[in-house]
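Peer 1: Could you have a look at this structure, given as structure tokens, before my questions?
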Amino acid sequence: MTDPKPAGATGATGATTVLASGDHFIAPQLFVDALRAAAPGAELAFRTQTTPWPHTPFGPVGNVKEASGTEDELLEALGDAEIALVQMAPFTDRVIREAPHLKLIAVARGGPVNVDVEAATRAGIPVTFTPGRNAAAAAEFALGLMLAALRRIPASDAELKKGTWRGDYYAIENAGIELDGTTVGLVGYGAIGSIVARVLRAFGSRVLVADPYTDPAKAAADGVELVALDDLLRRSSVVSLHARVTPETRHMLHADNLKLLPKGAVLVNSARGELMDYAPLPALLESGHLGALALDVYDVEPPPASWPLHAAPNVITTPHLAGATRQTADRAAAITAAQAAAHLRGERPEYVVNPQTLDGGR
């Protein structure tokens, strides 16, 4: 929805009009305060918008994915704004074509999936993003999922609340395993994977990494072993996904290579649902080949009531919460505002997905 009044709009001659398009995680005022702090003395007139996420799930809007709100609402909110600080609003081809004043789209996400970057590039509009905004939060959450799956924490909690004391979990055939001394494979070694590896090594785990873009010297310095994906799957008792979705990583785990996992392995995905083919997972769990599965992301979000994994054994599910911390919201707003502040000073923003627009853009 569009907020009824611009926040802090002064109408002063020469002021730059900025849209702060937030939601119920990163509030518009967080953007406003962050930009004022990052660009002290700048003449700014703010317009604000609040989209319904996360109370309403994000999804495709126009020709972009993972967006919230409508094109019409966004166009009304934009008005004559030159800069947009945005979290989920849909900057589709249509919106970009119908916003002739717009000169910068600063997105408070690790990837600007709510922006038609090609349309922005054609229009000469730089699009910035916020790498690492939720790295600490997502890393901690992935580790929490690992521990929960390895030690049956959710299942035993649920049973005890129903009045069942699961002492049989102490029986050797049901007992969990420790991270200390266990081989853990990380698929993807960016900001999140690097933090996960550091903590795992503190636990005493042996850490394998599959990421063709990782510098072998960095892997060696970090104390992790860089291996091919199939080798990682064969050797890892726990596998955790931390890659971005690209044409080459979509369904990188599938029926054939999942069979390479050791019997009883634990699989964790808190990155993106598209990284895995979910279809073979129920059978792998039923057979015991896969010992446990911990998911924060899905092939369809939210998964339907008829989703086969709801009935499969040893599955932990959470509703895409890995990045949901207050620090993530603050950090995302600050990084986003820093990109806009650089633009206001006539400097090159640090994180731009279409740098060709920085020379000769709008």
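Chain lettering (A, B, ...) mirrors the order of the structure tokens, residue numbering begins at 1 for each chain separately, and ligand numbering begins at 1 in order of display.
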For Arg206 of chain A, find every residue with an atom within 8 Å (counting only C-alpha atoms), except residues of its own chain fewer than 2 positions away, and show them as a list in words.
Peer 2: Gly181, Thr182, Thr183, Val184, Leu200, Arg201, Gly204, Leu208 and Val224 of chain A
Peer 1: Please report as a Markdown table every residue of segment 300-345 of chain A lying within 8 Å of segment 141-151 of chain A, along with the nearest atom pair and their distance in Å (one decimal), using only C-alpha atoms.
Peer 2:
| residue | atom | partner | partner_atom | distance |
| --- | --- | --- | --- | --- |
| A:Asn314 | CA | A:Ala149 | CA | 7.7 |
| A:Val315 | CA | A:Ala149 | CA | 7.9 |
| A:Ile316 | CA | A:Ala149 | CA | 7.0 |
| A:Ala322 | CA | A:Phe141 | CA | 5.3 |
| A:Gly323 | CA | A:Phe141 | CA | 7.9 |
Peer 1: Only all heavy atoms, please: the residues just picked out, written as a compact mmCIF listing (two decimals), in the first residue's frame.
Peer 2:
# COMPACT_ATOMS: atom_id res chain seq x y z
N ASN A 314 11.52 -37.62 9.85
CA ASN A 314 12.75 -36.88 10.15
C ASN A 314 12.95 -35.65 9.27
O ASN A 314 14.03 -35.42 8.72
CB ASN A 314 13.97 -37.81 10.04
CG ASN A 314 13.88 -38.98 10.99
OD1 ASN A 314 13.32 -38.87 12.07
ND2 ASN A 314 14.41 -40.11 10.56
N VAL A 315 11.89 -34.86 9.16
CA VAL A 315 11.95 -33.63 8.38
C VAL A 315 11.69 -32.45 9.31
O VAL A 315 10.71 -32.44 10.05
CB VAL A 315 10.92 -33.63 7.23
CG1 VAL A 315 10.98 -32.31 6.46
CG2 VAL A 315 11.18 -34.79 6.29
N ILE A 316 12.56 -31.45 9.25
CA ILE A 316 12.38 -30.20 10.00
C ILE A 316 12.10 -29.10 8.98
O ILE A 316 12.84 -28.97 8.00
CB ILE A 316 13.64 -29.86 10.81
CG1 ILE A 316 13.93 -30.93 11.85
CG2 ILE A 316 13.50 -28.50 11.48
CD1 ILE A 316 15.28 -30.78 12.51
N ALA A 322 15.65 -17.74 7.69
CA ALA A 322 17.08 -17.68 7.98
C ALA A 322 17.59 -16.24 8.16
O ALA A 322 18.45 -15.98 8.99
CB ALA A 322 17.87 -18.38 6.89
N GLY A 323 17.06 -15.32 7.39
CA GLY A 323 17.55 -13.94 7.48
C GLY A 323 16.75 -13.04 8.40
O GLY A 323 17.00 -11.82 8.44
Peer 1: Could you build a table of the residues in segment 70-123 of chain A lying no more than 10 Å from segment 330-353 of chain A, giving for each the nearest pair of atoms and their separation in Å rounded to one decimal place, using only C-alpha atoms, ordered by chain and ascending residue number, as a Markdown table?
Peer 2:
| residue | atom | partner | partner_atom | distance |
| --- | --- | --- | --- | --- |
| A:Ile83 | CA | A:Ala340 | CA | 7.4 |
| A:Ala84 | CA | A:Ala340 | CA | 8.5 |
| A:Leu85 | CA | A:Thr336 | CA | 6.8 |
| A:Val86 | CA | A:Thr336 | CA | 8.4 |
| A:Gln87 | CA | A:Ala332 | CA | 9.0 |
| A:Lys103 | CA | A:His343 | CA | 9.3 |
| A:Leu104 | CA | A:Ala340 | CA | 7.5 |
| A:Ile105 | CA | A:Ala340 | CA | 8.4 |
| A:Ala106 | CA | A:Thr336 | CA | 5.8 |
| A:Val107 | CA | A:Thr336 | CA | 6.3 |
| A:Ala108 | CA | A:Ala332 | CA | 5.2 |
| A:Arg109 | CA | A:Ala332 | CA | 7.0 |
| A:Gly110 | CA | A:Ala332 | CA | 8.9 |
| A:Gly111 | CA | A:Val353 | CA | 8.7 |
| A:Pro112 | CA | A:Val353 | CA | 8.4 |
| A:Val117 | CA | A:Val353 | CA | 7.9 |
| A:Thr121 | CA | A:Val353 | CA | 9.4 |
Peer 1: Write the residues of the selection above to a file with N, CA, C and O atoms, as a compact mmCIF listing (two decimals), in the first residue's frame.
Peer 2:
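So result-v5.txt came out as:
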# COMPACT_ATOMS: atom_id res chain seq x y z
N ILE A 83 15.32 8.65 -6.71
CA ILE A 83 16.00 7.54 -6.06
C ILE A 83 14.96 6.68 -5.36
O ILE A 83 14.05 7.22 -4.72
N ALA A 84 15.10 5.36 -5.48
CA ALA A 84 14.22 4.44 -4.76
C ALA A 84 15.06 3.55 -3.87
O ALA A 84 15.98 2.88 -4.36
N LEU A 85 14.77 3.57 -2.58
CA LEU A 85 15.34 2.61 -1.64
C LEU A 85 14.25 1.57 -1.42
O LEU A 85 13.17 1.89 -0.94
N VAL A 86 14.52 0.32 -1.75
CA VAL A 86 13.44 -0.65 -1.88
C VAL A 86 13.85 -2.00 -1.34
O VAL A 86 15.00 -2.40 -1.42
N GLN A 87 12.85 -2.70 -0.80
CA GLN A 87 13.07 -4.06 -0.34
C GLN A 87 12.38 -5.06 -1.26
O GLN A 87 13.01 -5.90 -1.85
N LYS A 103 16.43 7.64 -11.27
CA LYS A 103 17.86 7.61 -11.63
C LYS A 103 18.65 6.55 -10.87
O LYS A 103 19.80 6.28 -11.21
N LEU A 104 18.08 5.95 -9.83
CA LEU A 104 18.77 4.92 -9.06
C LEU A 104 17.75 4.04 -8.36
O LEU A 104 16.81 4.55 -7.74
N ILE A 105 17.94 2.71 -8.45
CA ILE A 105 17.15 1.76 -7.69
C ILE A 105 18.11 1.05 -6.75
O ILE A 105 18.97 0.28 -7.18
N ALA A 106 18.00 1.31 -5.45
CA ALA A 106 18.88 0.73 -4.45
C ALA A 106 18.09 -0.33 -3.69
O ALA A 106 17.15 -0.01 -2.96
N VAL A 107 18.48 -1.60 -3.86
CA VAL A 107 17.70 -2.73 -3.36
C VAL A 107 18.36 -3.30 -2.10
O VAL A 107 19.56 -3.59 -2.09
N ALA A 108 17.56 -3.49 -1.07
CA ALA A 108 18.06 -3.95 0.23
C ALA A 108 18.06 -5.47 0.33
O ALA A 108 17.65 -6.05 1.32
N ARG A 109 18.53 -6.14 -0.72
CA ARG A 109 18.54 -7.59 -0.76
C ARG A 109 19.86 -8.07 -1.35
O ARG A 109 20.54 -7.32 -2.06
N GLY A 110 20.19 -9.33 -1.10
CA GLY A 110 21.43 -9.88 -1.62
C GLY A 110 21.44 -9.96 -3.13
O GLY A 110 22.51 -9.94 -3.75
N GLY A 111 20.28 -10.06 -3.75
CA GLY A 111 20.13 -10.06 -5.20
C GLY A 111 18.86 -9.32 -5.56
O GLY A 111 17.82 -9.51 -4.92
N PRO A 112 18.88 -8.45 -6.57
CA PRO A 112 17.71 -7.62 -6.90
C PRO A 112 16.68 -8.37 -7.73
O PRO A 112 16.34 -7.98 -8.85
N VAL A 117 16.33 -6.06 -14.24
CA VAL A 117 17.62 -5.39 -14.41
C VAL A 117 17.87 -5.03 -15.87
O VAL A 117 18.45 -3.99 -16.18
N THR A 121 18.72 -1.36 -17.15
CA THR A 121 19.94 -1.10 -17.91
C THR A 121 19.63 -0.37 -19.19
O THR A 121 20.31 0.60 -19.56
Peer 1: Which value, in Å to one decimal, gives the distance between atom CA of Gln49 of chain A and atom CA of Asp80 of chain A?
Peer 2: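 Going from atom CA of Gln49 of chain A over to atom CA of Asp80 of chain A, I get 13.9 Å.
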Peer 1: Using DSSP on the backbone, list every residue of segment 110-302 of chain A that comes out as helix (DSSP H, G or I), and give them as number ranges by chain.
Peer 2: A: 117-122, 135-150, 153-161, 167-170, 191-203, 216-222, 229-235, 255-258, 273-275, 281-287
Peer 1: Would you mind reading off the distance between atom CA of Pro304 of chain A and atom CA of Ala283 of chain A, one decimal, in Å?
Peer 2: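 Taking atom CA of Pro304 of chain A and atom CA of Ala283 of chain A, their separation equals 18.5 Å.
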Peer 1: List as a list in words the protein and nucleic acid residues near Tyr169 of chain A, meaning an atom at most 12 Å away when only C-alpha atoms are counted, but skip any in the same chain fewer than 3 places from it.
Peer 2: Leu150, Arg151, Arg152, Ile153, Ala155, Ser156, Glu159, Thr164, Trp165, Arg166, Ile172, Glu173, Asn174, Ala175, Gly176 and Ile177 of chain A
Peer 1: So that I have them on file, write out the residues from the current selection with N, CA and C atoms, as a CSV table (one decimal), in the first residue's frame.
Peer 2:
chain,number,residue,atom,x,y,z
A,150,LEU,N,20.5,-33.2,13.8
A,150,LEU,CA,21.4,-34.2,14.3
A,150,LEU,C,21.0,-34.7,15.6
A,151,ARG,N,20.4,-33.9,16.5
A,151,ARG,CA,20.1,-34.3,17.8
A,151,ARG,C,18.6,-34.4,18.1
A,152,ARG,N,17.8,-34.4,17.0
A,152,ARG,CA,16.3,-34.6,17.2
A,152,ARG,C,15.6,-33.6,18.1
A,153,ILE,N,16.1,-32.4,18.1
A,153,ILE,CA,15.5,-31.4,19.1
A,153,ILE,C,14.1,-31.1,18.8
A,155,ALA,N,11.7,-32.9,17.3
A,155,ALA,CA,10.9,-34.1,17.5
A,155,ALA,C,10.7,-34.4,19.0
A,156,SER,N,11.8,-34.4,19.7
A,156,SER,CA,11.7,-34.7,21.1
A,156,SER,C,11.0,-33.6,21.9
A,159,GLU,N,7.2,-34.4,21.2
A,159,GLU,CA,6.8,-35.6,21.9
A,159,GLU,C,6.6,-35.3,23.4
A,164,THR,N,4.9,-37.6,26.0
A,164,THR,CA,5.7,-38.8,25.7
A,164,THR,C,7.2,-38.5,26.0
A,165,TRP,N,7.8,-39.3,26.9
A,165,TRP,CA,9.2,-39.2,27.3
A,165,TRP,C,10.0,-40.2,26.3
A,166,ARG,N,10.7,-39.6,25.3
A,166,ARG,CA,11.4,-40.4,24.4
A,166,ARG,C,12.8,-40.8,24.8
A,172,ILE,N,21.3,-46.7,21.1
A,172,ILE,CA,22.4,-46.5,20.2
A,172,ILE,C,21.9,-46.3,18.8
A,173,GLU,N,20.9,-47.1,18.4
A,173,GLU,CA,20.4,-47.1,17.0
A,173,GLU,C,19.7,-45.8,16.7
A,174,ASN,N,19.2,-45.1,17.8
A,174,ASN,CA,18.5,-43.8,17.6
A,174,ASN,C,19.3,-42.6,18.0
A,175,ALA,N,20.5,-42.8,18.6
A,175,ALA,CA,21.2,-41.7,19.1
A,175,ALA,C,21.7,-40.8,18.0
A,176,GLY,N,21.9,-39.5,18.3
A,176,GLY,CA,22.3,-38.5,17.3
A,176,GLY,C,23.9,-38.6,17.2
A,177,ILE,N,24.4,-37.7,16.3
A,177,ILE,CA,25.8,-37.6,16.2
A,177,ILE,C,26.3,-36.2,16.5
Peer 1: I'd like the interatomic distance between atom CA of Val187 of chain A and atom CA of Leu229 of chain A, to a tenth of an Å.
Peer 2: 7.4 Å
Peer 1: Return the single residue from A:Gly291, A:Pro247, A:Pro262, A:Gly22 that is closest to Leu275 of chain A, with distances computed using only C-alpha atoms.
Peer 2: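 Distance minimum relative to Leu275 of chain A lands on A:Pro247.
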Peer 1: Quick one: pick out all strand (DSSP E or B) residues within segment 87-321 of chain A from a backbone DSSP run and write them as number ranges by chain.
Peer 2: A: 91, 104-107, 115, 127-128, 183-187, 206-210, 225-226, 238-241, 253, 265-269, 276, 290-295, 315-317
Peer 1: Taking 5 positions as the minimum chain separation for residues in the same chain, which residues sit within 9 Å of Asp231 of chain A when counting only C-alpha atoms? Answer as a VMD selection string.
Peer 2: chain A and resid 210 236 260
Peer 1: Emit the selected residues as a PDB file, in the first residue's frame, including C-alpha atoms.
Peer 2:
ATOM      1  CA  ALA A 210      32.234 -27.418  -3.352  1.00  0.00           C
ATOM      2  CA  SER A 236      29.943 -35.808   3.977  1.00  0.00           C
ATOM      3  CA  LEU A 260      26.003 -40.639  -3.415  1.00  0.00           C
TER       4      LEU A 260
END
Peer 1: Quick one: everything within 8 Å of Gly273 of chain A, counting only C-alpha atoms, minus sequence neighbours fewer than 4 positions away in the same chain. Send it as a list in words.
Peer 2: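 My reading of the contact set: Asn269, Val297, Tyr298, Asp299 and Val300 of chain A.
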Peer 1: Considering only C-alpha atoms, can you say which of A:Val227, A:Leu160, A:Leu261, A:Ala81 comes closest to Thr17 of chain A?
Peer 2: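 Among the listed residues, the smallest separation from Thr17 of chain A belongs to A:Ala81.
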Peer 1: Could you give me, as a PyMOL selection string, the residues within 12 Å of Ala67 of chain A, counting only C-alpha atoms and dropping anything in the same chain fewer than 6 positions from it?
Peer 2: chain A and resi 21-23+51-54+56-61+74+86-92+107+109+112-116
